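Student: Pasting upload_23.cif below, which is mmCIF, C-alpha atoms.
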data_data
#
loop_
_atom_site.label_atom_id
_atom_site.label_comp_id
_atom_site.auth_asym_id
_atom_site.auth_seq_id
_atom_site.Cartn_x
_atom_site.Cartn_y
_atom_site.Cartn_z
CA MET A 223 -11.35 15.32 -9.72
CA ASP A 224 -14.59 14.78 -11.62
CA GLN A 225 -17.31 15.41 -9.00
CA THR A 226 -19.89 13.62 -11.16
CA ARG A 227 -18.00 10.36 -10.45
CA VAL A 228 -17.84 10.85 -6.68
CA ALA A 229 -20.38 9.21 -4.36
CA PRO A 230 -22.71 11.56 -2.45
CA ARG A 231 -21.13 10.42 0.83
CA SER A 232 -17.70 11.43 -0.45
CA VAL A 233 -19.04 14.79 -1.60
CA ALA A 234 -20.39 15.42 1.91
CA VAL A 235 -17.07 14.42 3.49
CA ALA A 236 -15.18 16.71 1.13
CA ALA A 237 -17.49 19.59 1.99
CA LEU A 238 -16.95 19.03 5.72
CA PHE A 239 -13.17 19.12 5.38
CA ASP A 240 -13.39 22.13 3.10
CA ARG A 241 -15.09 23.91 6.03
CA VAL A 242 -12.39 22.97 8.53
CA ALA A 243 -9.36 23.33 6.26
CA GLU A 244 -8.35 26.73 7.62
CA SER A 245 -8.50 25.73 11.31
CA TYR A 246 -7.36 22.09 10.95
CA GLU A 247 -4.38 21.51 13.30
CA ASN A 248 -4.18 25.28 13.65
CA VAL A 249 -5.74 26.08 17.04
CA GLY A 250 -2.79 25.43 19.34
CA VAL A 251 -3.66 21.83 20.28
CA PRO A 252 -1.30 19.29 18.64
CA TRP A 253 -3.20 16.20 17.54
CA PHE A 254 -2.68 15.07 13.96
CA ASP A 255 0.97 16.16 13.78
CA PRO A 256 2.37 13.85 16.49
CA ILE A 257 0.36 10.94 15.12
CA GLY A 258 1.56 11.58 11.57
CA ALA A 259 5.18 11.93 12.64
CA ALA A 260 4.99 8.65 14.59
CA LEU A 261 3.56 6.83 11.56
CA VAL A 262 6.40 8.08 9.37
CA ARG A 263 8.97 6.92 11.94
CA ALA A 264 7.31 3.49 12.11
CA VAL A 265 7.46 3.01 8.33
CA ALA A 266 11.09 4.24 8.29
CA PRO A 267 11.35 5.78 4.81
CA ALA A 268 14.75 5.80 3.15
CA GLY A 269 16.26 8.63 1.18
CA GLY A 270 15.22 8.59 -2.46
CA GLU A 271 12.03 6.56 -2.01
CA ARG A 272 8.75 7.43 -3.74
CA ALA A 273 5.98 7.89 -1.18
CA LEU A 274 2.22 8.38 -1.23
CA ASP A 275 0.26 10.10 1.57
CA ILE A 276 -3.39 9.04 1.30
CA GLY A 277 -5.70 11.59 2.91
CA CYS A 278 -2.92 14.10 3.42
CA GLY A 279 -5.00 16.80 5.15
CA ARG A 280 -2.78 19.67 6.22
CA GLY A 281 0.44 17.66 6.04
CA ALA A 282 0.81 15.77 9.35
CA VAL A 283 2.35 12.85 7.41
CA LEU A 284 3.30 14.72 4.25
CA PHE A 285 5.96 17.02 5.68
CA PRO A 286 7.87 14.52 7.85
CA LEU A 287 7.64 12.10 4.93
CA ALA A 288 9.18 14.66 2.58
CA ASP A 289 11.98 15.25 5.08
CA ALA A 290 12.60 11.51 5.38
CA VAL A 291 12.86 10.71 1.66
CA GLY A 292 14.91 13.84 1.08
CA PRO A 293 15.61 15.76 -2.11
CA ALA A 294 16.20 12.54 -4.07
CA GLY A 295 12.76 11.19 -3.17
CA ARG A 296 9.24 12.11 -4.26
CA VAL A 297 6.05 12.51 -2.25
CA THR A 298 2.50 12.56 -3.62
CA GLY A 299 -0.28 13.70 -1.32
CA ILE A 300 -3.95 13.17 -2.12
CA ASP A 301 -7.05 14.41 -0.32
CA LEU A 302 -10.75 14.53 -1.12
CA SER A 303 -10.99 18.14 0.07
CA ALA A 304 -9.96 20.75 -2.49
CA ALA A 305 -9.60 23.35 0.28
CA MET A 306 -7.23 21.08 2.19
CA VAL A 307 -5.14 20.55 -0.91
CA GLU A 308 -5.10 24.26 -1.72
CA ARG A 309 -3.89 25.29 1.74
CA THR A 310 -1.39 22.46 2.04
CA ALA A 311 -0.03 23.31 -1.41
CA ALA A 312 0.56 26.86 -0.16
CA ASP A 313 2.52 25.42 2.77
CA VAL A 314 4.53 23.25 0.37
CA ARG A 315 5.47 26.31 -1.66
CA ALA A 316 6.31 28.30 1.46
CA ARG A 317 8.73 25.55 2.50
CA GLY A 318 10.30 25.48 -0.94
CA LEU A 319 9.56 21.78 -1.44
CA THR A 320 9.93 20.90 -5.10
CA THR A 321 9.61 17.14 -4.61
CA VAL A 322 6.02 17.17 -3.32
CA ASP A 323 2.95 16.87 -5.55
CA LEU A 324 -0.62 17.33 -4.28
CA GLN A 325 -3.82 16.21 -5.97
CA VAL A 326 -7.53 16.27 -5.16
CA MET A 327 -8.49 12.60 -5.16
CA ASP A 328 -10.67 10.10 -3.33
CA ALA A 329 -8.74 7.80 -0.97
CA ALA A 330 -11.29 5.06 -1.63
CA GLY A 331 -9.83 4.47 -5.09
CA PRO A 332 -6.89 6.69 -6.06
CA ASP A 333 -6.53 7.25 -9.80
CA LEU A 334 -2.77 6.80 -9.89
CA PRO A 335 -0.45 4.55 -11.92
CA PRO A 336 -0.05 1.04 -10.48
CA GLY A 337 3.33 0.13 -9.07
CA SER A 338 4.45 3.75 -8.72
CA TYR A 339 5.34 3.96 -5.03
CA ASP A 340 7.77 2.40 -2.58
CA LEU A 341 5.66 3.55 0.37
CA ALA A 342 2.02 4.34 1.06
CA LEU A 343 0.92 5.93 4.33
CA SER A 344 -2.53 6.89 5.54
CA SER A 345 -3.24 8.39 8.94
CA LEU A 346 -6.71 8.14 10.55
CA VAL A 347 -8.47 7.63 7.21
CA ILE A 348 -9.13 3.96 6.47
CA PHE A 349 -11.96 3.39 8.97
CA PHE A 350 -14.00 6.27 7.53
CA LEU A 351 -14.05 4.79 4.02
CA PRO A 352 -17.18 2.92 2.88
CA ASP A 353 -15.18 -0.16 1.82
CA PRO A 354 -11.90 -0.37 3.78
CA ALA A 355 -10.92 -3.71 2.25
CA GLY A 356 -11.50 -2.42 -1.27
CA ALA A 357 -9.43 0.67 -0.52
CA LEU A 358 -6.57 -1.41 0.86
CA ARG A 359 -6.54 -3.59 -2.25
CA ALA A 360 -6.41 -0.46 -4.41
CA TRP A 361 -3.56 0.96 -2.31
CA ARG A 362 -1.64 -2.30 -2.60
CA GLU A 363 -1.75 -2.06 -6.38
CA LEU A 364 -0.05 1.33 -6.21
CA LEU A 365 3.02 -0.17 -4.51
CA VAL A 366 5.98 -1.80 -6.16
CA PRO A 367 6.81 -5.39 -5.12
CA GLY A 368 8.53 -4.97 -1.78
CA GLY A 369 6.64 -1.75 -1.11
CA ARG A 370 5.42 -0.91 2.40
CA LEU A 371 2.13 0.33 3.79
CA GLY A 372 1.56 2.10 7.11
CA ILE A 373 -1.82 3.12 8.51
CA SER A 374 -2.91 4.62 11.81
CA THR A 375 -6.19 3.86 13.57
CA PHE A 376 -7.64 4.59 16.99
CA GLY A 377 -7.10 2.26 19.93
CA PRO A 378 -8.40 2.57 23.51
CA ARG A 379 -9.04 6.02 24.95
CA ASP A 380 -9.97 7.71 28.20
CA ARG A 381 -13.51 7.37 29.48
CA ALA A 382 -13.79 11.14 29.11
CA TRP A 383 -13.79 10.74 25.31
CA GLU A 384 -16.75 8.36 25.58
CA ASP A 385 -18.62 10.72 27.89
CA LEU A 386 -18.13 13.64 25.51
CA ASP A 387 -19.34 11.63 22.53
CA ASP A 388 -22.39 10.48 24.46
CA ILE A 389 -23.52 14.12 24.77
CA PHE A 390 -23.79 14.38 20.97
CA ARG A 391 -25.34 10.96 20.43
CA PRO A 392 -29.03 12.00 20.65
CA TYR A 393 -28.54 14.50 17.82
CA LEU A 394 -26.66 12.31 15.36
CA PRO A 395 -28.10 10.47 12.35
CA GLN A 396 -27.32 6.77 12.12
CA GLN A 397 -24.36 7.24 9.76
CA LEU A 398 -22.63 9.51 12.26
CA LEU A 399 -23.23 7.55 15.44
CA ASP A 400 -19.75 6.04 15.10
CA ALA A 401 -18.10 9.09 13.55
CA ARG A 402 -15.31 9.42 16.08
CA THR A 403 -15.19 5.92 17.48
CA SER A 404 -15.19 3.99 14.19
CA GLY A 405 -11.54 3.25 14.81
CA GLN A 406 -12.60 1.06 17.73
CA SER A 407 -15.24 -1.14 16.11
CA GLY A 408 -15.27 -4.05 13.66
CA PRO A 409 -11.81 -4.98 12.37
CA PHE A 410 -10.47 -1.74 13.88
CA GLY A 411 -11.24 -2.82 17.44
CA SER A 412 -7.92 -4.60 18.01
CA ASP A 413 -4.39 -4.99 16.71
CA ARG A 414 -5.28 -8.47 15.48
CA GLY A 415 -8.37 -7.22 13.66
CA VAL A 416 -6.42 -4.65 11.68
CA GLU A 417 -3.67 -7.14 10.87
CA GLU A 418 -6.26 -9.65 9.66
CA LEU A 419 -7.77 -6.98 7.41
CA LEU A 420 -4.36 -6.18 5.96
CA GLY A 421 -3.62 -9.86 5.48
CA ALA A 422 -6.95 -10.48 3.74
CA THR A 423 -6.17 -7.73 1.24
CA GLY A 424 -2.79 -9.12 0.25
CA PHE A 425 -0.32 -7.56 2.65
CA THR A 426 2.31 -9.65 4.41
CA HIS A 427 4.95 -9.23 7.13
CA LEU A 428 2.30 -7.65 9.31
CA ARG A 429 3.35 -5.82 12.47
CA THR A 430 1.80 -3.38 14.91
CA THR A 431 3.13 -0.70 17.19
CA GLY A 432 1.49 2.34 18.69
CA LEU A 433 1.66 5.43 20.83
CA ASP A 434 -0.33 7.18 23.50
CA VAL A 435 -1.33 10.71 22.54
CA PRO A 436 -2.24 13.11 25.35
CA VAL A 437 -4.40 16.02 24.19
CA THR A 438 -4.20 18.95 26.58
CA PHE A 439 -6.56 21.91 26.93
CA GLN A 440 -6.28 24.98 29.15
CA ASP A 441 -10.04 25.06 29.64
CA PRO A 442 -13.30 23.75 28.14
CA GLU A 443 -13.47 26.68 25.73
CA GLN A 444 -10.20 25.60 24.12
CA TRP A 445 -11.67 22.10 23.75
CA ARG A 446 -14.75 23.62 22.08
CA VAL A 447 -12.65 25.56 19.56
CA TRP A 448 -10.55 22.45 18.88
CA SER A 449 -13.60 20.23 18.40
CA TRP A 450 -14.89 22.60 15.71
CA SER A 451 -11.52 22.60 13.93
CA HIS A 452 -11.57 19.06 12.51
CA GLY A 453 -13.97 16.27 11.61
CA GLN A 454 -15.88 16.49 14.91
CA ARG A 455 -17.35 19.73 13.59
CA VAL A 456 -20.00 17.64 11.83
CA MET A 457 -21.24 16.48 15.23
CA TRP A 458 -21.65 20.06 16.42
CA GLU A 459 -23.46 20.93 13.20
CA CYS A 460 -26.04 18.23 13.96
CA VAL A 461 -26.93 19.97 17.22
CA PRO A 462 -29.62 22.66 16.78
CA GLU A 463 -28.10 26.05 17.48
CA ALA A 464 -30.55 26.63 20.32
CA ARG A 465 -29.22 23.49 22.09
CA ARG A 466 -25.49 24.09 21.69
CA ASP A 467 -25.08 25.98 24.98
CA GLU A 468 -26.72 23.03 26.72
CA VAL A 469 -24.31 20.61 25.02
CA MET A 470 -21.36 22.78 25.95
CA ALA A 471 -22.46 22.92 29.59
CA ALA A 472 -22.64 19.11 29.73
CA ALA A 473 -19.24 18.83 28.02
CA THR A 474 -17.74 21.24 30.53
CA GLU A 475 -18.82 18.98 33.41
CA HIS A 476 -17.03 15.98 31.87
CA LEU A 477 -13.94 18.00 30.99
CA GLU A 478 -13.59 19.37 34.51
CA VAL A 479 -13.43 15.79 35.81
CA ALA A 480 -10.33 15.34 33.62
CA ARG A 481 -8.58 18.44 34.96
CA GLY A 482 -5.28 17.49 36.56
CA ALA A 483 -3.27 18.86 39.46
CA ASP A 484 -1.45 21.14 37.00
CA GLY A 485 -4.76 22.83 36.20
CA ARG A 486 -4.88 21.52 32.64
CA ILE A 487 -7.43 19.17 31.10
CA THR A 488 -5.78 16.15 29.50
CA LEU A 489 -7.49 13.44 27.46
CA ASN A 490 -5.50 10.38 26.39
CA GLN A 491 -5.90 8.41 23.17
CA HIS A 492 -3.96 5.31 22.12
CA VAL A 493 -3.20 5.23 18.40
CA ARG A 494 -2.40 1.99 16.60
CA LEU A 495 0.23 1.96 13.85
CA SER A 496 -0.22 -1.04 11.53
CA LEU A 497 2.34 -1.97 8.89
CA GLY A 498 2.40 -4.43 6.02
CA ASP A 499 4.35 -5.19 2.84
CA ARG A 500 3.51 -6.01 -0.73
CA LEU A 501 5.86 -8.87 -1.52
CA SER A 502 4.75 -9.53 -5.10
#
Now, as a test, write the supplied structure out as structure tokens.
Tutor:
Amino acid sequence: MDQTRVAPRSVAVAALFDRVAESYENVGVPWFDPIGAALVRAVAPAGGERALDIGCGRGAVLFPLADAVGPAGRVTGIDLSAAMVERTAADVRARGLTTVDLQVMDAAGPDLPPGSYDLALSSLVIFFLPDPAGALRAWRELLVPGGRLGISTFGPRDRAWEDLDDIFRPYLPQQLLDARTSGQSGPFGSDRGVEELLGATGFTHLRTTGLDVPVTFQDPEQWRVWSWSHGQRVMWECVPEARRDEVMAAATEHLEVARGADGRITLNQHVRLSLGDRLS
């Protein structure tokens, strides 16, 4: 990918995910994997189909998608982070997958041949892009007539999530104030809003399903390690080092409120799965 053609915002996002690539979904707290697997099930790939995973990360969609389309199918994964692509490519090789291709590429406007894919999937990506509608139109052009799109976005979540985010709020610049909750605002605030966005960008046969994802921690320290292992790291990095113990102490108070009778801390997040077709 030619970095001279990438917007500064995208460069910053790529750098963030380069920093978390090693720990991403690798700290013993399942999060992206169950969401990605559910999105693949919702789209229901068939053997032999050509599929695109937009914002593939460490493979939460990519690997179940490759299993679903089988050895007769093809899967292309793209991600803005070169480190993500490098580590996921190593996992692809370790699994002996010869039908998976990975490329460093911006999800906002993939440089891929039009009409090349039967399926396009993107998990927890679209609401972070500067122009979601423009991205969806670009993704639609990559599908064949009759091709299907599936995206995941955030729905309602436990109050504990809100309380934890509020701790970081005083330290965040304006562009990050909605960094983790952007899936709950604007068109992403409801099933209908997402479906209207898909419809406005040319998709038809719109439908929505979803799942509740419990995220369980043994203690606040495991939450802290997890929160540094993905995109929330940027919120921690906005907190001056001298204030991080204070932030952690406040977070611990909120997390202890969520501790259940089994002794574990569980936070619940609803994830919306939105599907649409390109009919022509």
Student: Evaluated on this file, the PyMOL selection byres ((chain A and resi 486) around 10) picks out some residues - which ones are they, written as an MDAnalysis selection string?
Tutor: chainID A and resid 438:442 477:478 480:485 487:489
Student: Give as a PyMOL selection string every residue, naming chains and numbers as the document does, that has an atom within 10 Å of (4.6, 6.5, -0.8), counting all atoms listed in the file.
Tutor: chain A and resi 267+271-276+284+287-288+291+295-299+338-344+361+364-366+369-372
Student: Just to confirm, what's the straight-line distance from CA of Gly424 in chain A to CA of Gly331 in chain A in Å (one decimal)?
Tutor: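 Separation between CA of Gly424 in chain A and CA of Gly331 in chain A: 16.2 Å.
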Student: Could you list, as a list in words, every residue matched by the PyMOL selection byres ((chain A and resi 427) around 12) in this structure?
Tutor: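 So the PyMOL selection byres ((chain A and resi 427) around 12) ends up selecting Gly368, Gly369, Arg370, Leu371, Gly372, Glu417, Glu418, Leu420, Gly421, Gly424, Phe425, Thr426, Leu428, Arg429, Thr430, Ser496, Leu497, Gly498, Asp499, Arg500 and Leu501 of chain A.
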Student: Convert the current residue selection to file output with C-alpha atoms, as a short mmCIF file (atom, residue, chain, number, x, y, z; two decimals), in the frame of the given file.
Tutor:
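Result went into out.cif, see below:
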data_model
loop_
_atom_site.label_atom_id
_atom_site.label_comp_id
_atom_site.auth_asym_id
_atom_site.auth_seq_id
_atom_site.Cartn_x
_atom_site.Cartn_y
_atom_site.Cartn_z
CA GLY A 368 8.53 -4.97 -1.78
CA GLY A 369 6.64 -1.75 -1.11
CA ARG A 370 5.42 -0.91 2.40
CA LEU A 371 2.13 0.33 3.79
CA GLY A 372 1.56 2.10 7.11
CA GLU A 417 -3.67 -7.14 10.87
CA GLU A 418 -6.26 -9.65 9.66
CA LEU A 420 -4.36 -6.18 5.96
CA GLY A 421 -3.62 -9.86 5.48
CA GLY A 424 -2.79 -9.12 0.25
CA PHE A 425 -0.32 -7.56 2.65
CA THR A 426 2.31 -9.65 4.41
CA LEU A 428 2.30 -7.65 9.31
CA ARG A 429 3.35 -5.82 12.47
CA THR A 430 1.80 -3.38 14.91
CA SER A 496 -0.22 -1.04 11.53
CA LEU A 497 2.34 -1.97 8.89
CA GLY A 498 2.40 -4.43 6.02
CA ASP A 499 4.35 -5.19 2.84
CA ARG A 500 3.51 -6.01 -0.73
CA LEU A 501 5.86 -8.87 -1.52
#
Student: Quick one: distance from CA of Pro409 in chain A to CA of Val461 in chain A in Å, one decimal?
Tutor: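 Separation of CA of Pro409 in chain A and CA of Val461 in chain A: 29.6 Å.
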Student: Specify as a PyMOL selection string each residue included when the PyMOL selection byres ((chain A and resi 382) around 10) is applied to this file.
Tutor: chain A and resi 379-381+383-388+473+476-480+488-490
Student: Given the choices A:Gln397, A:Gly277, A:Glu363, A:Val435, which gets closest to Ser502 in chain A if the distance is worked out from only C-alpha atoms?
Tutor: A:Glu363
Student: One number please: CA of Trp445 in chain A to CA of Glu475 in chain A, in Å, one decimal.
Tutor: 12.4 Å
Student: Taking 2 positions as the minimum chain separation for residues in the same chain, which residues sit within 9 Å of Gly377 in chain A when counting only C-alpha atoms? Answer as an mmCIF file with C-alpha atoms, in the frame of the given file.
Tutor:
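So around.cif came out as:
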data_model
loop_
_atom_site.group_PDB
_atom_site.id
_atom_site.type_symbol
_atom_site.label_atom_id
_atom_site.label_comp_id
_atom_site.auth_asym_id
_atom_site.auth_seq_id
_atom_site.Cartn_x
_atom_site.Cartn_y
_atom_site.Cartn_z
ATOM 1 C CA THR A 375 -6.190 3.860 13.570
ATOM 2 C CA ARG A 379 -9.040 6.020 24.950
ATOM 3 C CA GLY A 405 -11.540 3.250 14.810
ATOM 4 C CA GLN A 406 -12.600 1.060 17.730
ATOM 5 C CA PHE A 410 -10.470 -1.740 13.880
ATOM 6 C CA GLY A 411 -11.240 -2.820 17.440
ATOM 7 C CA SER A 412 -7.920 -4.600 18.010
ATOM 8 C CA ASP A 413 -4.390 -4.990 16.710
ATOM 9 C CA GLY A 432 1.490 2.340 18.690
ATOM 10 C CA GLN A 491 -5.900 8.410 23.170
ATOM 11 C CA HIS A 492 -3.960 5.310 22.120
ATOM 12 C CA VAL A 493 -3.200 5.230 18.400
ATOM 13 C CA ARG A 494 -2.400 1.990 16.600
#
Student: Quick one: residues within 7 Å of Ala282 in chain A, all atoms listed in the file counted, chain neighbours fewer than 5 positions away excluded, as JSON, numbers by chain?
Tutor: {"A": [254, 255, 258, 259]}
Student: For Pro354 in chain A, find every residue with an atom within 10 Å (counting only C-alpha atoms), except residues of its own chain fewer than 2 positions away, and show them as a list in words.
Tutor: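 So, after excluding close chain neighbours, the residues are Ala329, Ala330, Val347, Ile348, Phe349, Phe350, Leu351, Pro352, Gly356, Ala357, Leu358, Arg359, Ala360, Pro409, Leu419, Leu420 and Thr423 of chain A.
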Student: My list of candidates is A:His452, A:Arg414, A:Gly337, A:Ile389. Which is closest to Asp467 in chain A when distances are computed with only C-alpha atoms?
Tutor: A:Ile389
Student: Counting all atoms listed in the file, which of A:Leu346, A:Ala304, A:Leu433, A:Met470 gets nearest to Pro378 in chain A?
Tutor: A:Leu433
Student: Have a look at A:Ile257, A:Ala294, A:Met306, A:Met327 and name the one nearest to Gly279 in chain A; count all atoms listed in the file.
Tutor: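 Using all atoms listed in the file, the shortest distance to Gly279 in chain A belongs to A:Met306.
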Student: Using all atoms listed in the file, which of A:Leu394, A:Val326, A:Asp313, A:Gly270 sits nearest Pro293 in chain A?
Tutor: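 Looking only at the distances to Pro293 in chain A, the closest residue turns out to be A:Gly270.
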Student: If we count only C-alpha atoms and set the cut-off at 12 Å, which residues sit around Cys460 in chain A, ignoring sequence neighbours fewer than 3 positions away in its own chain? Please answer as a count of residues only.
Tutor: 20
